[in-house]
>>> print(open('run.csv').read())   # CSV, N, CA and C atoms
chain,number,residue,atom,x,y,z
A,13,MET,N,107.8,-91.6,100.7
A,13,MET,CA,107.4,-90.2,100.6
A,13,MET,C,106.8,-89.8,102.0
A,14,VAL,N,107.1,-88.5,102.3
A,14,VAL,CA,106.7,-88.0,103.6
A,14,VAL,C,105.9,-86.7,103.3
A,15,SER,N,105.0,-86.3,104.2
A,15,SER,CA,104.3,-85.0,104.0
A,15,SER,C,105.1,-83.9,104.6
A,16,VAL,N,105.0,-82.7,103.9
A,16,VAL,CA,105.7,-81.6,104.4
A,16,VAL,C,104.8,-80.4,104.3
A,17,LEU,N,105.1,-79.4,105.1
A,17,LEU,CA,104.4,-78.1,105.1
A,17,LEU,C,105.4,-77.0,105.0
A,18,ILE,N,105.2,-76.1,104.0
A,18,ILE,CA,106.2,-75.1,103.7
A,18,ILE,C,105.4,-73.7,103.8
A,19,ALA,N,106.0,-72.8,104.5
A,19,ALA,CA,105.4,-71.4,104.5
A,19,ALA,C,106.1,-70.6,103.5
A,20,LEU,N,105.3,-69.8,102.7
A,20,LEU,CA,105.8,-68.9,101.7
A,20,LEU,C,105.4,-67.5,102.1
A,21,GLY,N,106.4,-66.6,102.0
A,21,GLY,CA,106.1,-65.2,102.3
A,21,GLY,C,106.9,-64.3,101.4
A,22,SER,N,106.3,-63.1,101.1
A,22,SER,CA,107.0,-62.1,100.3
A,22,SER,C,106.6,-60.7,100.6
A,23,ASN,N,107.5,-59.7,100.6
A,23,ASN,CA,107.2,-58.3,100.9
A,23,ASN,C,107.6,-57.4,99.7
A,24,TYR,N,107.9,-58.0,98.6
A,24,TYR,CA,108.4,-57.3,97.4
A,24,TYR,C,107.9,-57.9,96.1
A,25,HIS,N,107.1,-57.2,95.4
A,25,HIS,CA,106.4,-57.7,94.2
A,25,HIS,C,105.7,-59.0,94.7
A,26,GLN,N,104.9,-58.9,95.7
A,26,GLN,CA,104.4,-60.1,96.4
A,26,GLN,C,103.7,-61.1,95.5
A,27,SER,N,102.7,-60.6,94.8
A,27,SER,CA,101.9,-61.6,94.0
A,27,SER,C,102.8,-62.3,93.0
A,28,ALA,N,103.6,-61.6,92.3
A,28,ALA,CA,104.5,-62.3,91.3
A,28,ALA,C,105.4,-63.3,92.0
A,29,HIS,N,106.0,-63.0,93.1
A,29,HIS,CA,106.9,-63.9,93.8
A,29,HIS,C,106.2,-65.1,94.4
A,30,ILE,N,105.1,-64.9,95.0
A,30,ILE,CA,104.3,-66.0,95.6
A,30,ILE,C,103.9,-66.9,94.5
A,31,GLN,N,103.4,-66.4,93.4
A,31,GLN,CA,102.9,-67.2,92.3
A,31,GLN,C,104.1,-68.0,91.7
A,32,TRP,N,105.2,-67.3,91.5
A,32,TRP,CA,106.4,-68.0,90.9
A,32,TRP,C,106.9,-69.1,91.8
A,33,ALA,N,107.0,-68.9,93.1
A,33,ALA,CA,107.5,-69.9,94.1
A,33,ALA,C,106.5,-71.0,94.2
A,34,SER,N,105.2,-70.7,94.1
A,34,SER,CA,104.2,-71.8,94.2
A,34,SER,C,104.3,-72.7,93.0
A,35,GLN,N,104.5,-72.2,91.8
A,35,GLN,CA,104.7,-73.0,90.6
A,35,GLN,C,106.0,-73.8,90.6
A,36,ARG,N,107.0,-73.1,91.1
A,36,ARG,CA,108.3,-73.8,91.2
A,36,ARG,C,108.3,-75.0,92.1
A,37,LEU,N,107.7,-74.8,93.3
A,37,LEU,CA,107.6,-75.9,94.2
A,37,LEU,C,106.7,-77.0,93.7
A,38,SER,N,105.6,-76.6,93.1
A,38,SER,CA,104.6,-77.6,92.5
A,38,SER,C,105.3,-78.5,91.5
A,39,ALA,N,106.3,-77.9,90.8
A,39,ALA,CA,107.0,-78.7,89.8
A,39,ALA,C,108.0,-79.7,90.4
A,40,LEU,N,108.5,-79.4,91.7
A,40,LEU,CA,109.5,-80.1,92.3
A,40,LEU,C,109.0,-81.1,93.4
A,41,LEU,N,107.8,-80.9,93.8
A,41,LEU,CA,107.2,-81.8,94.9
A,41,LEU,C,106.0,-82.5,94.4
A,42,ASP,N,105.5,-83.5,95.1
A,42,ASP,CA,104.4,-84.3,94.7
A,42,ASP,C,103.1,-83.9,95.5
A,43,ASP,N,102.0,-84.2,94.9
A,43,ASP,CA,100.7,-84.0,95.6
A,43,ASP,C,100.6,-82.6,96.3
A,44,VAL,N,100.8,-81.6,95.6
A,44,VAL,CA,100.9,-80.2,96.2
A,44,VAL,C,99.5,-79.7,96.4
A,45,THR,N,99.3,-79.1,97.6
A,45,THR,CA,98.0,-78.4,97.9
A,45,THR,C,98.5,-77.0,98.4
A,46,LEU,N,97.9,-76.0,97.8
A,46,LEU,CA,98.2,-74.6,98.2
A,46,LEU,C,97.0,-74.0,99.0
A,47,SER,N,97.4,-73.2,100.0
A,47,SER,CA,96.3,-72.5,100.7
A,47,SER,C,96.0,-71.2,99.9
A,48,ARG,N,95.0,-70.5,100.4
A,48,ARG,CA,94.8,-69.2,99.9
A,48,ARG,C,95.9,-68.3,100.3
A,49,VAL,N,95.9,-67.1,99.8
A,49,VAL,CA,97.0,-66.1,100.2
A,49,VAL,C,96.4,-65.2,101.2
A,50,LEU,N,97.2,-64.7,102.1
A,50,LEU,CA,96.8,-63.8,103.1
A,50,LEU,C,97.8,-62.7,103.3
A,51,TRP,N,97.3,-61.4,103.4
A,51,TRP,CA,98.2,-60.3,103.6
A,51,TRP,C,98.3,-60.0,105.1
A,52,THR,N,99.6,-59.8,105.5
A,52,THR,CA,99.8,-59.5,106.9
A,52,THR,C,100.9,-58.4,107.0
A,53,PRO,N,100.7,-57.6,108.1
A,53,PRO,CA,101.8,-56.5,108.3
A,53,PRO,C,103.1,-57.2,108.8
A,54,ASP,N,104.2,-56.6,108.5
A,54,ASP,CA,105.5,-57.0,109.0
A,54,ASP,C,105.4,-57.2,110.5
A,55,ILE,N,105.9,-58.3,111.0
A,55,ILE,CA,105.9,-58.5,112.5
A,55,ILE,C,106.9,-57.6,113.2
A,56,HIS,N,107.8,-57.0,112.5
A,56,HIS,CA,108.8,-56.1,113.1
A,56,HIS,C,108.4,-54.7,113.1
A,57,GLY,N,107.2,-54.4,112.6
A,57,GLY,CA,106.6,-53.0,112.6
A,57,GLY,C,107.3,-52.1,111.6
A,58,ARG,N,107.9,-52.5,110.5
A,58,ARG,CA,108.6,-51.6,109.6
A,58,ARG,C,107.7,-51.0,108.5
A,59,GLY,N,106.4,-51.3,108.6
A,59,GLY,CA,105.4,-50.7,107.7
A,59,GLY,C,105.3,-51.5,106.4
A,60,LEU,N,105.9,-52.6,106.3
A,60,LEU,CA,105.9,-53.5,105.1
A,60,LEU,C,104.7,-54.4,105.2
A,61,TRP,N,104.2,-54.9,104.1
A,61,TRP,CA,103.2,-55.9,104.0
A,61,TRP,C,103.7,-57.1,103.3
A,62,TYR,N,103.3,-58.2,103.9
A,62,TYR,CA,103.7,-59.5,103.4
A,62,TYR,C,102.5,-60.2,102.8
A,63,MET,N,102.7,-60.9,101.7
A,63,MET,CA,101.7,-61.9,101.2
A,63,MET,C,102.2,-63.3,101.7
A,64,ASN,N,101.3,-64.1,102.3
A,64,ASN,CA,101.7,-65.4,102.8
A,64,ASN,C,100.8,-66.5,102.2
A,65,ARG,N,101.4,-67.7,102.2
A,65,ARG,CA,100.7,-68.8,101.7
A,65,ARG,C,101.3,-70.1,102.4
A,66,LEU,N,100.6,-71.1,102.5
A,66,LEU,CA,101.1,-72.4,103.0
A,66,LEU,C,101.0,-73.4,101.8
A,67,LEU,N,102.0,-74.3,101.8
A,67,LEU,CA,102.0,-75.3,100.8
A,67,LEU,C,102.2,-76.7,101.5
A,68,ARG,N,101.3,-77.6,101.2
A,68,ARG,CA,101.4,-79.0,101.7
A,68,ARG,C,101.8,-79.8,100.5
A,69,ALA,N,102.7,-80.8,100.7
A,69,ALA,CA,103.2,-81.6,99.6
A,69,ALA,C,103.8,-82.9,100.2
A,70,LYS,N,104.2,-83.8,99.3
A,70,LYS,CA,104.9,-85.0,99.6
A,70,LYS,C,106.2,-84.9,98.9
A,71,THR,N,107.2,-85.5,99.5
A,71,THR,CA,108.6,-85.6,99.0
A,71,THR,C,109.3,-86.8,99.5
A,72,SER,N,110.3,-87.2,98.7
A,72,SER,CA,111.3,-88.2,99.1
A,72,SER,C,112.6,-87.6,99.6
A,73,LEU,N,112.7,-86.2,99.5
A,73,LEU,CA,113.9,-85.5,99.9
A,73,LEU,C,114.0,-85.6,101.5
A,74,SER,N,115.2,-85.6,102.0
A,74,SER,CA,115.4,-85.5,103.4
A,74,SER,C,115.1,-84.1,103.9
A,75,PRO,N,115.0,-83.8,105.2
A,75,PRO,CA,114.8,-82.5,105.6
A,75,PRO,C,115.9,-81.5,105.2
A,76,ASP,N,117.2,-82.0,105.3
A,76,ASP,CA,118.3,-81.2,104.9
A,76,ASP,C,118.3,-80.9,103.4
A,77,GLN,N,118.0,-81.9,102.6
A,77,GLN,CA,117.9,-81.7,101.2
A,77,GLN,C,116.8,-80.7,100.8
A,78,LEU,N,115.7,-80.8,101.5
A,78,LEU,CA,114.6,-79.9,101.2
A,78,LEU,C,114.9,-78.5,101.6
A,79,THR,N,115.5,-78.3,102.8
A,79,THR,CA,115.9,-77.0,103.2
A,79,THR,C,116.9,-76.4,102.3
A,80,THR,N,117.8,-77.2,101.8
A,80,THR,CA,118.8,-76.6,100.8
A,80,THR,C,118.1,-76.2,99.6
A,81,LEU,N,117.2,-77.0,99.1
A,81,LEU,CA,116.4,-76.6,97.9
A,81,LEU,C,115.6,-75.3,98.1
A,82,LEU,N,115.0,-75.2,99.3
A,82,LEU,CA,114.3,-74.0,99.5
A,82,LEU,C,115.2,-72.7,99.5
A,83,LYS,N,116.3,-72.9,100.1
A,83,LYS,CA,117.3,-71.7,100.2
A,83,LYS,C,117.8,-71.4,98.8
A,84,GLN,N,118.0,-72.4,97.9
A,84,GLN,CA,118.4,-72.2,96.5
A,84,GLN,C,117.3,-71.4,95.8
A,85,ILE,N,116.1,-71.8,96.0
A,85,ILE,CA,115.0,-71.1,95.3
A,85,ILE,C,114.9,-69.7,95.8
A,86,GLU,N,115.1,-69.4,97.1
A,86,GLU,CA,115.1,-68.0,97.6
A,86,GLU,C,116.2,-67.2,96.9
A,87,GLN,N,117.4,-67.8,96.7
A,87,GLN,CA,118.5,-67.1,96.1
A,87,GLN,C,118.3,-66.8,94.6
A,88,GLU,N,117.5,-67.6,94.0
A,88,GLU,CA,117.2,-67.4,92.6
A,88,GLU,C,116.5,-66.0,92.3
A,89,THR,N,115.8,-65.5,93.4
A,89,THR,CA,115.1,-64.3,93.3
A,89,THR,C,115.8,-63.0,93.8
A,90,GLN,N,117.1,-63.2,94.0
A,90,GLN,CA,117.9,-62.0,94.5
A,90,GLN,C,117.4,-61.4,95.8
A,91,ARG,N,117.0,-62.3,96.7
A,91,ARG,CA,116.4,-61.8,98.0
A,91,ARG,C,117.5,-61.0,98.8
A,92,THR,N,117.0,-59.9,99.4
A,92,THR,CA,117.8,-59.1,100.3
A,92,THR,C,117.1,-59.0,101.6
A,93,LYS,N,117.7,-58.4,102.6
A,93,LYS,CA,117.1,-58.3,103.9
A,93,LYS,C,115.9,-57.3,103.8
A,94,GLN,N,116.0,-56.3,103.0
A,94,GLN,CA,114.9,-55.3,102.9
A,94,GLN,C,113.8,-55.8,101.9
A,95,HIS,N,114.2,-56.4,100.8
A,95,HIS,CA,113.3,-56.9,99.8
A,95,HIS,C,113.3,-58.4,99.9
A,96,VAL,N,112.3,-58.9,100.7
A,96,VAL,CA,112.1,-60.3,100.8
A,96,VAL,C,111.3,-60.8,99.6
A,97,THR,N,112.0,-61.1,98.5
A,97,THR,CA,111.3,-61.5,97.3
A,97,THR,C,110.5,-62.8,97.6
A,98,ILE,N,111.2,-63.7,98.3
A,98,ILE,CA,110.5,-64.9,98.7
A,98,ILE,C,111.2,-65.5,99.9
A,99,ASP,N,110.4,-65.9,100.9
A,99,ASP,CA,110.9,-66.6,102.1
A,99,ASP,C,110.2,-67.9,102.1
A,100,LEU,N,111.0,-69.0,102.1
A,100,LEU,CA,110.4,-70.3,102.1
A,100,LEU,C,110.9,-71.0,103.4
A,101,ASP,N,110.0,-71.4,104.3
A,101,ASP,CA,110.4,-72.1,105.5
A,101,ASP,C,109.7,-73.4,105.6
A,102,LEU,N,110.5,-74.4,105.9
A,102,LEU,CA,110.0,-75.8,106.1
A,102,LEU,C,109.4,-75.8,107.5
A,103,MET,N,108.1,-75.8,107.6
A,103,MET,CA,107.4,-75.7,108.9
A,103,MET,C,107.2,-77.1,109.5
A,104,GLN,N,107.0,-78.1,108.6
A,104,GLN,CA,106.8,-79.5,109.2
A,104,GLN,C,107.3,-80.5,108.1
A,105,TYR,N,108.0,-81.5,108.7
A,105,TYR,CA,108.5,-82.6,107.9
A,105,TYR,C,108.0,-83.9,108.6
A,106,ASP,N,107.1,-84.6,107.9
A,106,ASP,CA,106.5,-85.8,108.5
A,106,ASP,C,105.8,-85.3,109.8
A,107,GLN,N,106.2,-85.8,111.0
A,107,GLN,CA,105.6,-85.3,112.3
A,107,GLN,C,106.5,-84.3,113.0
A,108,GLN,N,107.7,-84.0,112.4
A,108,GLN,CA,108.6,-83.0,113.1
A,108,GLN,C,108.3,-81.6,112.7
A,109,ARG,N,108.0,-80.8,113.7
A,109,ARG,CA,107.7,-79.3,113.4
A,109,ARG,C,109.0,-78.5,113.6
A,110,TYR,N,109.1,-77.4,112.8
A,110,TYR,CA,110.2,-76.5,112.9
A,110,TYR,C,109.6,-75.1,113.1
A,111,TYR,N,110.4,-74.1,113.4
A,111,TYR,CA,110.0,-72.7,113.6
A,111,TYR,C,108.8,-72.7,114.6
A,112,LEU,N,109.0,-73.3,115.8
A,112,LEU,CA,107.9,-73.5,116.7
A,112,LEU,C,107.2,-72.2,117.1
A,113,ASP,N,107.9,-71.1,117.2
A,113,ASP,CA,107.2,-69.9,117.6
A,113,ASP,C,106.3,-69.4,116.5
A,114,ASP,N,106.6,-69.7,115.2
A,114,ASP,CA,105.8,-69.3,114.1
A,114,ASP,C,104.4,-70.0,114.1
A,115,TRP,N,104.4,-71.1,114.6
A,115,TRP,CA,103.1,-71.9,114.6
A,115,TRP,C,102.0,-71.1,115.3
A,116,GLU,N,102.4,-70.2,116.3
A,116,GLU,CA,101.4,-69.5,117.0
A,116,GLU,C,101.0,-68.2,116.4
A,117,ARG,N,101.7,-67.8,115.3
A,117,ARG,CA,101.3,-66.6,114.6
A,117,ARG,C,99.9,-66.7,114.0
A,118,PRO,N,99.1,-65.6,114.1
A,118,PRO,CA,97.8,-65.7,113.6
A,118,PRO,C,97.7,-66.0,112.2
A,119,TYR,N,98.6,-65.6,111.3
A,119,TYR,CA,98.4,-65.9,109.9
A,119,TYR,C,98.7,-67.4,109.6
A,120,ILE,N,99.6,-68.0,110.4
A,120,ILE,CA,99.8,-69.4,110.2
A,120,ILE,C,98.5,-70.2,110.6
A,121,GLN,N,98.0,-69.8,111.8
A,121,GLN,CA,96.7,-70.4,112.2
A,121,GLN,C,95.6,-70.3,111.2
A,122,ARG,N,95.5,-69.1,110.7
A,122,ARG,CA,94.4,-68.8,109.7
A,122,ARG,C,94.6,-69.6,108.4
A,123,LEU,N,95.8,-69.8,108.0
A,123,LEU,CA,96.0,-70.5,106.7
A,123,LEU,C,96.0,-72.0,106.9
A,124,LEU,N,96.2,-72.5,108.1
A,124,LEU,CA,96.1,-73.9,108.3
A,124,LEU,C,94.6,-74.4,108.0
>>> encode(input="run.csv", output="structure tokens")
Amino acid sequence: MVSVLIALGSNYHQSAHIQWASQRLSALLDDVTLSRVLWTPDIHGRGLWYMNRLLRAKTSLSPDQLTTLLKQIEQETQRTKQHVTIDLDLMQYDQQRYYLDDWERPYIQRLL
């Protein structure tokens, strides 16, 4: 089992989608810890607001298997470019970090 960190974000029916994804991931991963939620403006300046959360957990899935699972969960919510029902990004797998630019974003720093 390895430790993972997953970023959750939503700009459409935010509370419902963040809650749903949190529950879905909690059922699929072990030793899940959820951060508080945080509202942030869209980084592209489109006037949208995102609800964000981080999830720490343990898994025996490989990074590729976990990423595939995350993308499948995103697709379950009919995600589109405009309506980001849920965005799930694998930020860290064991000691390997992903989305390196995102680590510097204020909301990631605040949620850590």
>>> closest_residue(input="run.csv", among="A:His29, A:Ala19, A:Trp115, A:Asp42", to="Lys70 (chain A)", atoms="all atoms listed in the file")
A:Asp42
>>> closest_residue(input="run.csv", among="A:Leu20, A:Ile30, A:Leu41, A:Met63", to="Asp99 (chain A)", atoms="all atoms listed in the file")
A:Leu20
>>> residues_around(input="run.csv", residues="Arg48 (chain A)", least_positions_apart="4", cutoff="7 Å", atoms="only N, CA and C atoms", output="list in words")
Asn64, Arg65, Leu66 and Leu123 of chain A
>>> atom_distance(input="run.csv", atom1="atom C of Leu112 (chain A)", atom2="atom C of Arg58 (chain A)")
22.9 Å
>>> residues_around(input="run.csv", residues="region 100-109 of chain A", least_positions_apart="6", cutoff="7 Å", atoms="all atoms listed in the file", output="ChimeraX atom specification")
/A:14-21,75,79,82-83,86
>>> select_by_dssp(input="run.csv", residues="chain A", states="helix (DSSP H, G or I)", output="JSON, numbers by chain")
{"A": [26, 27, 28, 29, 30, 31, 32, 33, 34, 35, 36, 37, 38, 39, 40, 75, 76, 77, 78, 79, 80, 81, 82, 83, 84, 85, 86, 87, 88, 112, 113, 114, 115, 116, 118, 119, 120, 121, 122, 123]}
>>> closest_residue(input="run.csv", among="A:Glu116, A:Leu40, A:Gln31, A:Leu124", to="Ser72 (chain A)", atoms="only C-alpha atoms")
A:Leu40
>>> atom_distance(input="run.csv", atom1="CA of Arg117 (chain A)", atom2="CA of Thr71 (chain A)")
25.6 Å
>>> atom_distance(input="run.csv", atom1="atom C of Val44 (chain A)", atom2="CA of Ala69 (chain A)")
5.2 Å
>>> closest_residue(input="run.csv", among="A:Thr89, A:Gln84, A:Thr45, A:Gln121", to="Trp32 (chain A)", atoms="only C-alpha atoms")
A:Thr89
>>> build_atoms(input="run.csv", residues="region 15-38 of chain A", atoms="N, CA, C and O atoms", output="PDB file, keeping the file's coordinate frame")
ATOM      1  N   SER A  15     105.000 -86.300 104.200  1.00  0.00           N
ATOM      2  CA  SER A  15     104.300 -85.000 104.000  1.00  0.00           C
ATOM      3  C   SER A  15     105.100 -83.900 104.600  1.00  0.00           C
ATOM      4  O   SER A  15     105.770 -84.052 105.630  1.00  0.00           O
ATOM      5  N   VAL A  16     105.000 -82.700 103.900  1.00  0.00           N
ATOM      6  CA  VAL A  16     105.700 -81.600 104.400  1.00  0.00           C
ATOM      7  C   VAL A  16     104.800 -80.400 104.300  1.00  0.00           C
ATOM      8  O   VAL A  16     103.800 -80.355 103.562  1.00  0.00           O
ATOM      9  N   LEU A  17     105.100 -79.400 105.100  1.00  0.00           N
ATOM     10  CA  LEU A  17     104.400 -78.100 105.100  1.00  0.00           C
ATOM     11  C   LEU A  17     105.400 -77.000 105.000  1.00  0.00           C
ATOM     12  O   LEU A  17     106.342 -76.945 105.783  1.00  0.00           O
ATOM     13  N   ILE A  18     105.200 -76.100 104.000  1.00  0.00           N
ATOM     14  CA  ILE A  18     106.200 -75.100 103.700  1.00  0.00           C
ATOM     15  C   ILE A  18     105.400 -73.700 103.800  1.00  0.00           C
ATOM     16  O   ILE A  18     104.326 -73.605 103.184  1.00  0.00           O
ATOM     17  N   ALA A  19     106.000 -72.800 104.500  1.00  0.00           N
ATOM     18  CA  ALA A  19     105.400 -71.400 104.500  1.00  0.00           C
ATOM     19  C   ALA A  19     106.100 -70.600 103.500  1.00  0.00           C
ATOM     20  O   ALA A  19     107.327 -70.559 103.381  1.00  0.00           O
ATOM     21  N   LEU A  20     105.300 -69.800 102.700  1.00  0.00           N
ATOM     22  CA  LEU A  20     105.800 -68.900 101.700  1.00  0.00           C
ATOM     23  C   LEU A  20     105.400 -67.500 102.100  1.00  0.00           C
ATOM     24  O   LEU A  20     104.320 -67.248 102.583  1.00  0.00           O
ATOM     25  N   GLY A  21     106.400 -66.600 102.000  1.00  0.00           N
ATOM     26  CA  GLY A  21     106.100 -65.200 102.300  1.00  0.00           C
ATOM     27  C   GLY A  21     106.900 -64.300 101.400  1.00  0.00           C
ATOM     28  O   GLY A  21     107.985 -64.617 100.915  1.00  0.00           O
ATOM     29  N   SER A  22     106.300 -63.100 101.100  1.00  0.00           N
ATOM     30  CA  SER A  22     107.000 -62.100 100.300  1.00  0.00           C
ATOM     31  C   SER A  22     106.600 -60.700 100.600  1.00  0.00           C
ATOM     32  O   SER A  22     105.398 -60.467 100.893  1.00  0.00           O
ATOM     33  N   ASN A  23     107.500 -59.700 100.600  1.00  0.00           N
ATOM     34  CA  ASN A  23     107.200 -58.300 100.900  1.00  0.00           C
ATOM     35  C   ASN A  23     107.600 -57.400  99.700  1.00  0.00           C
ATOM     36  O   ASN A  23     107.534 -56.230  99.819  1.00  0.00           O
ATOM     37  N   TYR A  24     107.900 -58.000  98.600  1.00  0.00           N
ATOM     38  CA  TYR A  24     108.400 -57.300  97.400  1.00  0.00           C
ATOM     39  C   TYR A  24     107.900 -57.900  96.100  1.00  0.00           C
ATOM     40  O   TYR A  24     108.147 -59.084  95.895  1.00  0.00           O
ATOM     41  N   HIS A  25     107.100 -57.200  95.400  1.00  0.00           N
ATOM     42  CA  HIS A  25     106.400 -57.700  94.200  1.00  0.00           C
ATOM     43  C   HIS A  25     105.700 -59.000  94.700  1.00  0.00           C
ATOM     44  O   HIS A  25     105.942 -60.100  94.058  1.00  0.00           O
ATOM     45  N   GLN A  26     104.900 -58.900  95.700  1.00  0.00           N
ATOM     46  CA  GLN A  26     104.400 -60.100  96.400  1.00  0.00           C
ATOM     47  C   GLN A  26     103.700 -61.100  95.500  1.00  0.00           C
ATOM     48  O   GLN A  26     103.967 -62.293  95.574  1.00  0.00           O
ATOM     49  N   SER A  27     102.700 -60.600  94.800  1.00  0.00           N
ATOM     50  CA  SER A  27     101.900 -61.600  94.000  1.00  0.00           C
ATOM     51  C   SER A  27     102.800 -62.300  93.000  1.00  0.00           C
ATOM     52  O   SER A  27     102.615 -63.563  92.865  1.00  0.00           O
ATOM     53  N   ALA A  28     103.600 -61.600  92.300  1.00  0.00           N
ATOM     54  CA  ALA A  28     104.500 -62.300  91.300  1.00  0.00           C
ATOM     55  C   ALA A  28     105.400 -63.300  92.000  1.00  0.00           C
ATOM     56  O   ALA A  28     105.572 -64.453  91.463  1.00  0.00           O
ATOM     57  N   HIS A  29     106.000 -63.000  93.100  1.00  0.00           N
ATOM     58  CA  HIS A  29     106.900 -63.900  93.800  1.00  0.00           C
ATOM     59  C   HIS A  29     106.200 -65.100  94.400  1.00  0.00           C
ATOM     60  O   HIS A  29     106.732 -66.234  94.335  1.00  0.00           O
ATOM     61  N   ILE A  30     105.100 -64.900  95.000  1.00  0.00           N
ATOM     62  CA  ILE A  30     104.300 -66.000  95.600  1.00  0.00           C
ATOM     63  C   ILE A  30     103.900 -66.900  94.500  1.00  0.00           C
ATOM     64  O   ILE A  30     103.973 -68.173  94.630  1.00  0.00           O
ATOM     65  N   GLN A  31     103.400 -66.400  93.400  1.00  0.00           N
ATOM     66  CA  GLN A  31     102.900 -67.200  92.300  1.00  0.00           C
ATOM     67  C   GLN A  31     104.100 -68.000  91.700  1.00  0.00           C
ATOM     68  O   GLN A  31     103.995 -69.215  91.451  1.00  0.00           O
ATOM     69  N   TRP A  32     105.200 -67.300  91.500  1.00  0.00           N
ATOM     70  CA  TRP A  32     106.400 -68.000  90.900  1.00  0.00           C
ATOM     71  C   TRP A  32     106.900 -69.100  91.800  1.00  0.00           C
ATOM     72  O   TRP A  32     107.129 -70.263  91.362  1.00  0.00           O
ATOM     73  N   ALA A  33     107.000 -68.900  93.100  1.00  0.00           N
ATOM     74  CA  ALA A  33     107.500 -69.900  94.100  1.00  0.00           C
ATOM     75  C   ALA A  33     106.500 -71.000  94.200  1.00  0.00           C
ATOM     76  O   ALA A  33     106.889 -72.211  94.262  1.00  0.00           O
ATOM     77  N   SER A  34     105.200 -70.700  94.100  1.00  0.00           N
ATOM     78  CA  SER A  34     104.200 -71.800  94.200  1.00  0.00           C
ATOM     79  C   SER A  34     104.300 -72.700  93.000  1.00  0.00           C
ATOM     80  O   SER A  34     104.252 -73.959  93.124  1.00  0.00           O
ATOM     81  N   GLN A  35     104.500 -72.200  91.800  1.00  0.00           N
ATOM     82  CA  GLN A  35     104.700 -73.000  90.600  1.00  0.00           C
ATOM     83  C   GLN A  35     106.000 -73.800  90.600  1.00  0.00           C
ATOM     84  O   GLN A  35     106.012 -74.927  90.250  1.00  0.00           O
ATOM     85  N   ARG A  36     107.000 -73.100  91.100  1.00  0.00           N
ATOM     86  CA  ARG A  36     108.300 -73.800  91.200  1.00  0.00           C
ATOM     87  C   ARG A  36     108.300 -75.000  92.100  1.00  0.00           C
ATOM     88  O   ARG A  36     108.769 -76.043  91.749  1.00  0.00           O
ATOM     89  N   LEU A  37     107.700 -74.800  93.300  1.00  0.00           N
ATOM     90  CA  LEU A  37     107.600 -75.900  94.200  1.00  0.00           C
ATOM     91  C   LEU A  37     106.700 -77.000  93.700  1.00  0.00           C
ATOM     92  O   LEU A  37     106.906 -78.155  93.966  1.00  0.00           O
ATOM     93  N   SER A  38     105.600 -76.600  93.100  1.00  0.00           N
ATOM     94  CA  SER A  38     104.600 -77.600  92.500  1.00  0.00           C
ATOM     95  C   SER A  38     105.300 -78.500  91.500  1.00  0.00           C
ATOM     96  O   SER A  38     104.918 -79.636  91.377  1.00  0.00           O
TER      97      SER A  38
END
